[in-house]
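The data block below is protein26.csv; it holds CSV, C-alpha atoms.
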chain,number,residue,atom,x,y,z
E,31,MET,CA,120.1,78.2,82.8
E,32,ASN,CA,118.6,80.5,85.4
E,33,GLN,CA,121.5,82.5,86.9
E,34,ALA,CA,119.1,84.3,89.2
E,35,ALA,CA,118.2,81.1,90.9
E,36,VAL,CA,121.8,80.2,91.4
E,37,ILE,CA,122.9,83.5,93.0
E,38,GLN,CA,120.2,83.2,95.7
E,39,LYS,CA,122.7,80.7,97.4
E,40,PRO,CA,126.1,82.3,97.4
E,41,THR,CA,129.2,80.3,98.0
E,42,GLN,CA,131.1,80.4,101.3
E,43,ALA,CA,133.5,83.0,99.9
E,44,GLU,CA,130.6,85.3,99.1
E,45,GLN,CA,129.0,85.1,102.6
E,46,ALA,CA,130.7,88.2,103.9
E,47,THR,CA,128.7,91.4,103.9
E,48,ALA,CA,129.9,93.7,101.1
E,49,TYR,CA,129.6,97.0,102.8
E,50,LYS,CA,131.2,99.0,100.0
E,51,ILE,CA,128.6,97.8,97.5
E,52,LEU,CA,125.8,98.3,100.0
E,53,PHE,CA,126.8,101.9,100.7
E,54,ILE,CA,127.2,102.7,97.0
E,55,ILE,CA,123.8,101.2,96.1
E,56,GLY,CA,122.3,103.1,99.0
E,57,VAL,CA,123.7,106.4,97.7
E,58,CYS,CA,122.3,105.6,94.3
E,59,HIS,CA,119.0,104.9,95.8
E,60,LEU,CA,119.2,108.3,97.5
E,61,LEU,CA,120.0,110.0,94.2
E,62,ASN,CA,117.2,108.1,92.3
E,63,ASP,CA,114.6,108.9,94.9
E,64,SER,CA,115.7,112.5,95.2
E,65,LEU,CA,114.7,112.8,91.5
E,66,GLN,CA,111.3,111.4,92.3
E,67,ALA,CA,111.1,113.8,95.3
E,68,VAL,CA,111.3,116.7,92.9
E,69,VAL,CA,107.8,115.9,91.7
E,70,PRO,CA,105.8,116.4,95.0
E,71,ALA,CA,108.3,119.1,95.9
E,72,MET,CA,107.0,121.1,92.9
E,73,PHE,CA,103.4,120.9,94.0
E,74,PRO,CA,103.2,124.2,95.9
E,75,ILE,CA,105.1,125.9,93.0
E,76,ILE,CA,103.2,124.5,90.0
E,77,GLY,CA,99.9,124.5,91.9
E,78,LYS,CA,100.1,128.2,92.2
E,79,SER,CA,101.8,129.1,88.8
E,80,LEU,CA,99.6,126.8,86.7
E,81,GLY,CA,96.5,127.0,88.8
E,82,LEU,CA,96.2,123.3,89.4
E,83,SER,CA,93.6,121.8,91.8
E,84,PHE,CA,94.3,119.2,94.5
E,85,THR,CA,92.8,116.6,92.3
E,86,GLN,CA,95.2,117.5,89.4
E,87,LEU,CA,98.2,117.4,91.8
E,88,GLY,CA,97.0,114.0,92.9
E,89,MET,CA,96.9,112.9,89.3
E,90,ILE,CA,100.5,114.0,88.8
E,91,ALA,CA,101.5,111.9,91.8
E,92,PHE,CA,99.4,109.1,90.4
E,93,ALA,CA,101.2,109.2,87.0
E,94,LEU,CA,104.6,109.0,88.8
E,95,ASN,CA,103.7,106.2,91.2
E,96,ILE,CA,101.3,104.0,89.2
E,97,VAL,CA,103.8,103.6,86.3
E,98,SER,CA,106.5,102.6,88.8
E,99,SER,CA,104.2,100.3,90.8
E,100,VAL,CA,102.8,98.5,87.7
E,101,MET,CA,106.2,98.0,86.1
E,102,GLN,CA,108.3,97.0,89.2
E,103,PRO,CA,106.8,93.5,89.7
E,104,ALA,CA,107.1,92.9,86.0
E,105,VAL,CA,110.7,94.0,85.9
E,106,GLY,CA,111.4,92.0,89.0
E,107,LEU,CA,109.9,88.8,87.6
E,108,MET,CA,111.8,89.3,84.3
E,109,THR,CA,115.1,89.8,86.1
E,110,ASP,CA,114.5,86.9,88.4
E,111,LYS,CA,114.8,84.8,85.2
E,112,LYS,CA,117.5,86.8,83.5
E,113,PRO,CA,119.4,89.4,85.6
E,114,MET,CA,120.2,92.6,83.8
E,115,PRO,CA,123.0,94.5,85.6
E,116,TYR,CA,123.2,97.4,83.1
E,117,ALA,CA,119.4,98.1,83.4
E,118,LEU,CA,120.4,100.0,86.5
E,119,PRO,CA,122.3,102.9,84.8
E,120,ALA,CA,119.8,102.7,81.8
E,121,GLY,CA,116.9,103.3,84.2
E,122,LEU,CA,118.6,106.4,85.7
E,123,ALA,CA,119.2,107.8,82.2
E,124,CYS,CA,115.5,107.6,81.6
E,125,SER,CA,114.8,109.5,84.8
E,126,MET,CA,117.4,112.1,83.8
E,127,ALA,CA,115.4,112.7,80.6
E,128,GLY,CA,112.2,113.0,82.6
E,129,ILE,CA,113.6,115.5,85.1
E,130,LEU,CA,115.0,117.8,82.3
E,131,GLY,CA,111.6,117.8,80.5
E,132,LEU,CA,109.8,118.5,83.8
E,133,ALA,CA,111.8,121.6,84.4
E,134,PHE,CA,110.6,123.2,81.2
E,135,ALA,CA,107.1,121.6,80.8
E,136,PRO,CA,104.6,124.5,80.2
E,137,ASN,CA,101.3,122.7,81.0
E,138,PHE,CA,99.7,119.9,82.9
E,139,VAL,CA,99.7,117.4,80.0
E,140,LEU,CA,103.5,117.7,79.4
E,141,ILE,CA,104.1,117.5,83.2
E,142,ILE,CA,102.3,114.2,83.2
E,143,LEU,CA,104.3,112.9,80.2
E,144,TYR,CA,107.7,113.7,81.8
E,145,VAL,CA,106.7,112.4,85.2
E,146,ILE,CA,106.0,109.1,83.4
E,147,PHE,CA,109.6,109.0,82.3
E,148,ILE,CA,110.8,109.4,85.9
E,149,GLY,CA,108.4,106.6,86.9
E,150,ILE,CA,109.8,104.2,84.3
E,151,GLY,CA,113.3,104.9,85.4
E,152,SER,CA,112.3,104.2,89.0
E,153,ALA,CA,110.5,101.0,88.1
E,154,ILE,CA,113.7,99.7,86.4
E,155,PHE,CA,116.0,100.7,89.2
E,156,HIS,CA,114.2,99.4,92.3
E,157,PRO,CA,113.9,95.6,91.8
E,158,GLU,CA,117.5,95.3,90.5
E,159,GLY,CA,118.8,97.6,93.2
E,160,SER,CA,117.1,95.5,95.9
E,161,ARG,CA,118.7,92.4,94.3
E,162,VAL,CA,122.2,94.0,94.6
E,163,ALA,CA,121.5,94.7,98.3
E,164,TYR,CA,120.4,91.0,98.7
E,165,LEU,CA,123.6,89.7,97.0
E,166,ALA,CA,125.8,92.0,99.0
E,167,ALA,CA,124.1,91.3,102.4
E,168,GLY,CA,125.8,88.1,103.4
E,169,PRO,CA,124.1,86.9,106.7
E,170,ARG,CA,122.8,90.4,107.5
E,171,ARG,CA,119.8,90.8,105.3
E,172,GLY,CA,117.9,93.2,107.5
E,173,LEU,CA,120.8,95.5,107.9
E,174,ALA,CA,121.6,95.3,104.1
E,175,GLN,CA,118.0,96.1,103.1
E,176,SER,CA,117.9,99.0,105.6
E,177,ILE,CA,121.1,100.5,104.2
E,178,TYR,CA,119.6,100.3,100.7
E,179,GLN,CA,116.1,101.5,101.7
E,180,VAL,CA,117.3,104.3,103.9
E,181,GLY,CA,119.0,105.8,100.9
E,182,GLY,CA,115.7,105.9,99.1
E,183,ASN,CA,113.8,107.4,102.1
E,184,SER,CA,116.6,110.0,102.6
E,185,GLY,CA,116.1,111.0,99.0
E,186,GLN,CA,112.4,111.4,99.5
E,187,ALA,CA,113.1,113.4,102.6
E,188,LEU,CA,114.9,115.9,100.5
E,189,ALA,CA,111.6,117.0,98.9
E,190,PRO,CA,110.9,119.8,101.4
E,191,LEU,CA,114.4,121.1,101.2
E,192,ILE,CA,114.2,121.0,97.4
E,193,THR,CA,111.1,123.2,97.6
E,194,ALA,CA,112.5,125.6,100.2
E,195,LEU,CA,116.0,126.0,98.9
E,196,ILE,CA,115.8,125.5,95.1
E,197,LEU,CA,112.2,125.6,93.8
E,198,VAL,CA,111.0,128.6,95.8
E,199,PRO,CA,113.9,130.9,94.6
E,200,PHE,CA,114.4,129.4,91.1
E,201,GLY,CA,110.9,128.2,90.3
E,202,GLN,CA,110.0,125.2,88.1
E,203,ARG,CA,113.2,125.5,86.0
E,204,GLY,CA,115.3,124.9,89.2
E,205,ALA,CA,114.4,121.2,88.7
E,206,ALA,CA,116.9,121.1,85.8
E,207,LEU,CA,119.7,121.2,88.4
E,208,PHE,CA,118.8,117.6,89.3
E,209,SER,CA,120.1,116.4,85.9
E,210,VAL,CA,123.5,116.6,87.5
E,211,VAL,CA,122.2,114.4,90.3
E,212,ALA,CA,121.1,111.9,87.7
E,213,GLY,CA,124.4,112.0,85.9
E,214,ILE,CA,126.3,111.1,89.1
E,215,ALA,CA,123.9,108.2,89.8
E,216,VAL,CA,124.5,106.8,86.3
E,217,VAL,CA,128.3,106.8,86.8
E,218,LEU,CA,128.0,105.0,90.2
E,219,LEU,CA,125.5,102.5,88.8
E,220,VAL,CA,127.9,101.6,86.0
E,221,TYR,CA,130.4,100.6,88.7
E,222,ILE,CA,127.7,98.6,90.5
E,223,ALA,CA,126.7,96.9,87.2
E,224,ARG,CA,130.3,95.7,86.7
E,225,TRP,CA,130.3,94.2,90.2
E,226,TYR,CA,126.9,92.6,89.6
E,227,SER,CA,128.1,91.2,86.3
E,228,GLY,CA,131.1,89.7,88.1
E,229,ARG,CA,128.8,87.9,90.6
E,230,LEU,CA,126.9,86.5,87.6
E,231,SER,CA,130.1,85.2,86.1
E,232,ALA,CA,131.1,83.6,89.4
E,233,ALA,CA,127.6,82.0,89.5
E,234,LYS,CA,128.2,80.1,86.3
E,235,SER,CA,130.8,77.9,87.8
E,236,ALA,CA,128.4,77.0,90.7
E,237,ALA,CA,125.5,76.5,88.3
E,238,VAL,CA,126.4,72.9,87.4
E,239,LYS,CA,126.6,71.9,91.1
E,240,GLN,CA,123.3,73.7,91.9
E,241,VAL,CA,121.2,72.5,88.9
E,242,GLY,CA,120.8,69.0,90.3
E,243,LYS,CA,119.7,70.4,93.7
E,244,SER,CA,117.3,72.8,92.1
E,245,ALA,CA,115.3,70.1,90.4
E,246,GLY,CA,112.0,69.1,92.0
E,247,LYS,CA,111.6,72.4,93.9
E,248,ASN,CA,108.9,72.3,96.6
E,249,PRO,CA,105.7,74.2,95.9
E,250,LEU,CA,104.7,77.2,98.1
E,251,ALA,CA,103.6,76.3,101.6
E,252,LYS,CA,99.9,76.5,102.3
E,253,GLY,CA,100.1,79.6,104.4
E,254,VAL,CA,102.3,81.7,102.1
E,255,ILE,CA,99.6,83.3,100.1
E,256,PRO,CA,97.5,84.5,103.1
E,257,ALA,CA,100.7,85.8,104.7
E,258,LEU,CA,101.6,87.7,101.5
E,259,ALA,CA,98.1,89.2,101.4
E,260,LEU,CA,98.5,90.4,105.0
E,261,ILE,CA,101.9,92.0,104.1
E,262,LEU,CA,100.2,93.8,101.2
E,263,LEU,CA,97.4,95.0,103.4
E,264,LEU,CA,100.0,96.4,105.8
E,265,ILE,CA,101.6,98.2,102.9
E,266,PHE,CA,98.2,99.6,101.8
E,267,ALA,CA,97.6,101.2,105.2
E,268,ARG,CA,101.1,102.6,105.6
E,269,SER,CA,101.3,103.9,102.0
E,270,TRP,CA,98.0,105.8,102.1
E,271,TYR,CA,98.9,107.4,105.4
E,272,ILE,CA,102.4,108.5,104.2
E,273,SER,CA,100.8,109.7,100.9
E,274,GLY,CA,98.4,111.9,102.8
E,275,ILE,CA,101.2,113.4,104.8
E,276,THR,CA,103.8,113.9,102.1
E,277,ASN,CA,101.5,115.2,99.4
E,278,PHE,CA,99.0,117.4,101.4
E,279,TYR,CA,100.3,118.1,104.9
E,280,ALA,CA,102.2,121.2,103.7
E,281,PHE,CA,98.9,122.6,102.5
E,282,TYR,CA,97.3,121.7,105.8
E,283,ALA,CA,100.0,123.6,107.8
E,284,ILE,CA,99.7,126.6,105.5
E,285,GLN,CA,95.9,126.6,106.0
E,286,GLU,CA,95.6,125.7,109.7
E,287,TYR,CA,98.8,127.2,111.2
E,288,SER,CA,99.3,130.1,108.7
E,289,PHE,CA,102.8,128.8,107.8
E,290,THR,CA,104.6,130.0,104.7
E,291,ILE,CA,105.4,127.5,102.0
E,292,LYS,CA,109.0,127.4,103.2
E,293,HIS,CA,108.2,126.8,106.8
E,294,ALA,CA,105.6,124.1,106.0
E,295,GLN,CA,108.3,122.3,104.0
E,296,TYR,CA,110.6,122.2,107.0
E,297,LEU,CA,107.7,120.6,109.0
E,298,LEU,CA,107.4,117.9,106.4
E,299,PHE,CA,111.2,117.5,106.2
E,300,ALA,CA,111.2,116.5,109.9
E,301,PHE,CA,108.7,113.8,109.2
E,302,LEU,CA,110.6,112.3,106.3
E,303,VAL,CA,114.0,112.5,108.0
E,304,ALA,CA,112.5,110.7,111.0
E,305,GLY,CA,111.2,108.1,108.6
E,306,ALA,CA,114.6,107.6,107.1
E,307,ALA,CA,116.1,107.1,110.5
E,308,GLY,CA,113.3,104.6,111.3
E,309,THR,CA,114.1,102.7,108.1
E,310,PHE,CA,117.7,102.4,109.0
E,311,PHE,CA,117.2,101.1,112.5
E,312,GLY,CA,114.3,98.8,111.6
E,313,GLY,CA,116.5,96.3,109.8
E,314,PRO,CA,119.1,95.7,112.5
E,315,ILE,CA,116.4,95.5,115.1
E,316,ALA,CA,114.6,92.9,113.0
E,317,ASP,CA,117.8,90.9,112.7
E,318,ARG,CA,117.9,90.7,116.4
E,319,PHE,CA,114.3,90.6,117.6
E,320,GLY,CA,112.4,89.2,114.6
E,321,LYS,CA,110.8,90.6,111.5
E,322,LYS,CA,107.2,90.0,112.6
E,323,ASN,CA,107.8,91.7,115.9
E,324,VAL,CA,109.1,94.8,114.3
E,325,ILE,CA,106.3,95.0,111.7
E,326,SER,CA,103.6,94.5,114.3
E,327,ALA,CA,105.0,97.0,116.8
E,328,SER,CA,105.5,99.7,114.2
E,329,MET,CA,101.8,99.7,113.4
E,330,LEU,CA,100.6,99.4,117.0
E,331,PHE,CA,102.7,102.3,118.3
E,332,ALA,CA,101.9,104.6,115.4
E,333,VAL,CA,98.1,104.6,116.0
E,334,PRO,CA,97.8,107.1,118.9
E,335,PHE,CA,100.2,109.6,117.3
E,336,SER,CA,98.6,109.6,113.9
E,337,ALA,CA,95.1,109.8,115.4
E,338,ILE,CA,95.7,112.8,117.7
E,339,MET,CA,98.1,114.8,115.5
E,340,PRO,CA,95.5,116.9,113.5
E,341,PHE,CA,94.0,118.2,116.8
E,342,LEU,CA,97.3,119.6,118.2
E,343,PRO,CA,99.1,123.0,118.0
E,344,PRO,CA,102.1,123.3,115.7
E,345,ALA,CA,104.9,122.3,118.2
E,346,ALA,CA,103.0,119.2,119.5
E,347,ALA,CA,102.1,118.3,115.9
E,348,LEU,CA,105.7,118.5,114.9
E,349,ALA,CA,106.6,116.1,117.8
E,350,CYS,CA,104.0,113.6,116.6
E,351,LEU,CA,105.2,113.9,113.0
E,352,ILE,CA,108.7,113.0,114.1
E,353,LEU,CA,107.7,110.1,116.3
E,354,ASN,CA,105.2,108.8,113.7
E,355,GLY,CA,107.6,109.0,110.9
E,356,PHE,CA,110.2,107.0,112.8
E,357,ILE,CA,107.8,104.4,114.2
E,358,LEU,CA,106.0,103.7,110.9
E,359,MET,CA,109.1,103.4,108.8
E,360,THR,CA,110.9,100.9,111.0
E,361,SER,CA,108.8,98.3,109.1
E,362,PHE,CA,109.6,99.6,105.6
E,363,SER,CA,112.7,97.5,104.8
E,364,VAL,CA,111.6,94.7,107.1
E,365,THR,CA,108.4,94.0,105.0
E,366,VAL,CA,110.7,93.7,101.9
E,367,VAL,CA,112.9,91.1,103.6
E,368,TYR,CA,109.9,89.3,105.1
E,369,ALA,CA,108.4,88.9,101.6
E,370,GLN,CA,111.7,87.8,100.1
E,371,GLU,CA,112.0,85.1,102.7
E,372,LEU,CA,108.3,84.2,102.4
E,373,VAL,CA,108.8,83.4,98.7
E,374,PRO,CA,112.5,82.4,98.3
E,375,GLY,CA,114.1,82.5,94.9
E,376,LYS,CA,111.9,85.5,93.8
E,377,ILE,CA,114.0,88.4,95.1
E,378,GLY,CA,113.1,90.8,92.2
E,379,LEU,CA,109.4,89.9,92.1
E,380,MET,CA,109.0,90.3,95.9
E,381,SER,CA,110.9,93.5,95.9
E,382,GLY,CA,108.9,94.8,93.0
E,383,LEU,CA,105.7,93.7,94.6
E,384,THR,CA,106.3,95.1,98.0
E,385,VAL,CA,108.1,98.4,97.2
E,386,GLY,CA,106.2,98.8,93.9
E,387,LEU,CA,102.9,98.3,95.7
E,388,ALA,CA,103.9,101.0,98.2
E,389,PHE,CA,104.3,103.4,95.2
E,390,GLY,CA,101.0,102.1,93.7
E,391,MET,CA,99.0,102.5,96.8
E,392,GLY,CA,100.5,105.9,97.3
E,393,ALA,CA,99.4,106.7,93.7
E,394,ILE,CA,95.8,105.7,94.3
E,395,GLY,CA,95.9,107.4,97.7
E,396,SER,CA,97.1,110.6,96.1
E,397,VAL,CA,94.2,110.8,93.7
E,398,GLY,CA,91.6,109.6,96.3
E,399,LEU,CA,92.8,111.8,99.1
E,400,GLY,CA,93.1,114.8,96.8
E,401,TYR,CA,89.5,114.3,95.7
E,402,ILE,CA,88.4,114.0,99.3
E,403,ALA,CA,90.2,117.2,100.2
E,404,ASP,CA,88.5,119.1,97.3
E,405,LEU,CA,85.1,117.6,98.3
E,406,ALA,CA,85.0,117.5,102.1
E,407,GLY,CA,87.9,119.8,103.0
E,408,LEU,CA,91.6,119.5,103.7
E,409,LYS,CA,91.2,119.3,107.5
E,410,GLU,CA,88.7,116.5,107.3
E,411,MET,CA,90.9,114.5,104.9
E,412,ILE,CA,94.0,114.9,107.1
E,413,THR,CA,91.9,113.9,110.2
E,414,GLY,CA,90.6,110.7,108.4
E,415,VAL,CA,94.0,109.7,107.3
E,416,GLY,CA,95.1,109.6,110.9
E,417,PHE,CA,93.1,106.4,111.5
E,418,LEU,CA,94.6,104.4,108.6
E,419,PRO,CA,97.3,102.8,110.7
E,420,LEU,CA,94.5,100.9,112.5
E,421,ILE,CA,94.3,98.7,109.4
E,422,GLY,CA,97.9,97.8,109.8
E,423,LEU,CA,97.2,96.1,113.2
E,424,SER,CA,96.4,93.0,111.0
E,425,ALA,CA,100.2,92.5,111.1
E,426,PHE,CA,99.8,90.6,114.3
E,427,LEU,CA,98.2,87.8,112.3
E,428,LEU,CA,101.4,87.3,110.3
E,429,PRO,CA,103.2,83.9,110.7
E,430,PRO,CA,106.3,84.2,113.0
E,431,ASP,CA,109.8,84.1,111.7
E,432,LYS,CA,110.3,80.5,112.7
E,433,LYS,CA,107.4,79.5,110.5
E,434,LEU,CA,109.1,81.2,107.5
E,435,GLU,CA,112.2,79.1,108.2
E,436,GLN,CA,110.2,75.9,108.2
E,437,TRP,CA,108.5,76.8,104.9
E,438,GLN,CA,111.9,77.5,103.3
If you took the structure in this file and wrote it as structure tokens, what would it be?
Amino acid sequence: MNQAAVIQKPTQAEQATAYKILFIIGVCHLLNDSLQAVVPAMFPIIGKSLGLSFTQLGMIAFALNIVSSVMQPAVGLMTDKKPMPYALPAGLACSMAGILGLAFAPNFVLIILYVIFIGIGSAIFHPEGSRVAYLAAGPRRGLAQSIYQVGGNSGQALAPLITALILVPFGQRGAALFSVVAGIAVVLLVYIARWYSGRLSAAKSAAVKQVGKSAGKNPLAKGVIPALALILLLIFARSWYISGITNFYAFYAIQEYSFTIKHAQYLLFAFLVAGAAGTFFGGPIADRFGKKNVISASMLFAVPFSAIMPFLPPAAALACLILNGFILMTSFSVTVVYAQELVPGKIGLMSGLTVGLAFGMGAIGSVGLGYIADLAGLKEMITGVGFLPLIGLSAFLLPPDKKLEQWQ
């Protein structure tokens, strides 16, 4: 019997929002993504010490993100059929092995290998973590997904601080300190897995009542596939832009503004922190004003800031970075919830597809944008990236929230 299908419809006693679980899974998401953040944070360090090109740095980001993006939908589909609560701590243990190896990897090939371990751990964590947030959400799905996703974005925002405060003074081996972070996450996820298992046990008693109602499930509505394609196009535009900023803007600031590595990282930190704030506020705003409205507005208002930023002096560029990070990322958690409601009953698959695709598009973008930077120049690449949010204006073609309710 498909337990995952049953737990999509919680009993009345389970409708209340489980804030304690949401905050713990959010913290775990922060710890997980801070491990991933170590990889791009190391770029200025290993780029100099190992003599790596922009293309090679892009390949490292590609290895991390493509493994995660390819595996996430597969893990999500598998756990939709058979939830695996203890896959959560197991995934973090895999990431811990990767981060330890990365700290002592002496060459490009081994760096790629250990980065793949981190990618595998991330791929296992994200779909099941998103399902935990869904189960703990009660009626506040936007808020719940924001709490969960803001943890991840906050972890990613730590990358510049990791570089400035840990990797600059301690070098590559400073990454070994993050094995402690991984250990804490494993312990917390064992607690989450026990709660999750309890929910599955409670679902067994409801399974007999639900199985008759689940028979003869309606096929997907006619407009679902085009709407899902539009969501993926939006993610494409947003992910390539964010990839260009997070992986290469520090080099741009060093080249154009004569910043030190440390000061360039603080600039990037402001962008990522603003993005984390945008992620948090996006969900509650969508709960009130509608998911499509938030998704569309985030792309529309980002365009002028992203287009003009490369032509501004440092102070004005910083202001644009902060505004753009906040505006763009208000749609991050909202796109996940939109996709989950677009295809109900496939929480893991939709989470893996939307969040996993974001990693995948970032992976392809890292290699492509790194190649463009080597070929045409770093300034030209950053300038071109500024126009990517224009693609995201296709979000205005998405079906409204009421249409999603009708399809369900």
So, counting all atoms listed in the file, which residue among E:Met329, E:Val162, E:Ala267, E:Ile412 is closest to Ala283 in chain E?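 Counting all atoms listed in the file, the residue closest to Ala283 in chain E is E:Ile412.
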For Ala166 in chain E, list every protein, DNA or RNA residue within 10 Å, evaluated using only C-alpha atoms, and leave out those in the same chain fewer than 3 positions away; present the list as a ChimeraX atom specification. /E:40,44-52,55,160-163,169-171,174-175,226,229
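Between CA of Ala223 in chain E and CA of Pro119 in chain E the separation is 7.8 Å.
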Which one is closest to Pro157 in chain E: E:Ala67, E:Ala300, E:Ile402, E:Val105? Count all atoms listed in the file.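 Closest to Pro157 in chain E, using all atoms listed in the file: E:Val105.
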Long-range neighbours of range 363-367 of chain E as a VMD selection string, 7 Å cut-off, all atoms listed in the file, 5 positions minimum in chain: chain E and resid 172 175 to 176 179 261 309 312 to 313 316 321 381 384
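Distance-wise, CA of Val254 in chain E and CA of Ser326 in chain E end up 17.7 Å apart.
For the choices E:Ser424, E:Thr290, E:Gln285, E:Ser227, the atom-to-atom distance to Lys322 in chain E is smallest for E:Ser424 when using all atoms listed in the file.
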State, in Å with one decimal place, the distance from CA of Phe417 in chain E to CA of His156 in chain E.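 According to the coordinates, CA of Phe417 in chain E and CA of His156 in chain E are separated by 29.4 Å.
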Return the single residue from E:Met126, E:Leu297, E:Leu260, E:Val373 that is closest to Val210 in chain E, with distances computed using all atoms listed in the file. E:Met126
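The closest residue to Ala257 in chain E, picked from E:Asp431, E:Phe84, E:Ser99, E:Ala123 and counting only C-alpha atoms, is E:Asp431.
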Please determine, counting all atoms listed in the file, which residue among E:Asn137, E:Thr109, E:Asn183, E:Ser152 has the shortest atom-to-atom distance to Asn62 in chain E.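 That would be E:Ser152, the residue with the smallest distance to Asn62 in chain E.
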Give me, as a list of chain:residue names, all polymer residues having an atom no more than 10 Å from Ala349 in chain E, counting all atoms listed in the file and skipping those fewer than 2 positions away in the same chain.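 Selected residues are E:Leu297, E:Ala300, E:Phe301, E:Phe335, E:Met339, E:Leu342, E:Pro344, E:Ala345, E:Ala346, E:Ala347, E:Leu351, E:Ile352, E:Leu353, E:Asn354, E:Gly355.
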Can you list, as a list in words, every protein, DNA or RNA residue that comes within 10 Å of Asn323 in chain E when you count all atoms listed in the file, leaving out same-chain residues fewer than 2 positions away?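 Near Asn323 in chain E, the qualifying residues are Ile315, Ala316, Phe319, Gly320, Lys321, Ile325, Ser326, Ala327, Ser328, Ser361, Ala425, Phe426, Leu428, Pro430 and Asp431 of chain E.
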Could you name the residues that touch Ala280 in chain E at 12 Å or less, counting all atoms listed in the file, but leaving out those on the same chain fewer than 4 positions away, as a VMD selection string? chain E and resid 70 to 74 189 to 190 193 to 194 273 to 276 284 to 301 408 to 409 412
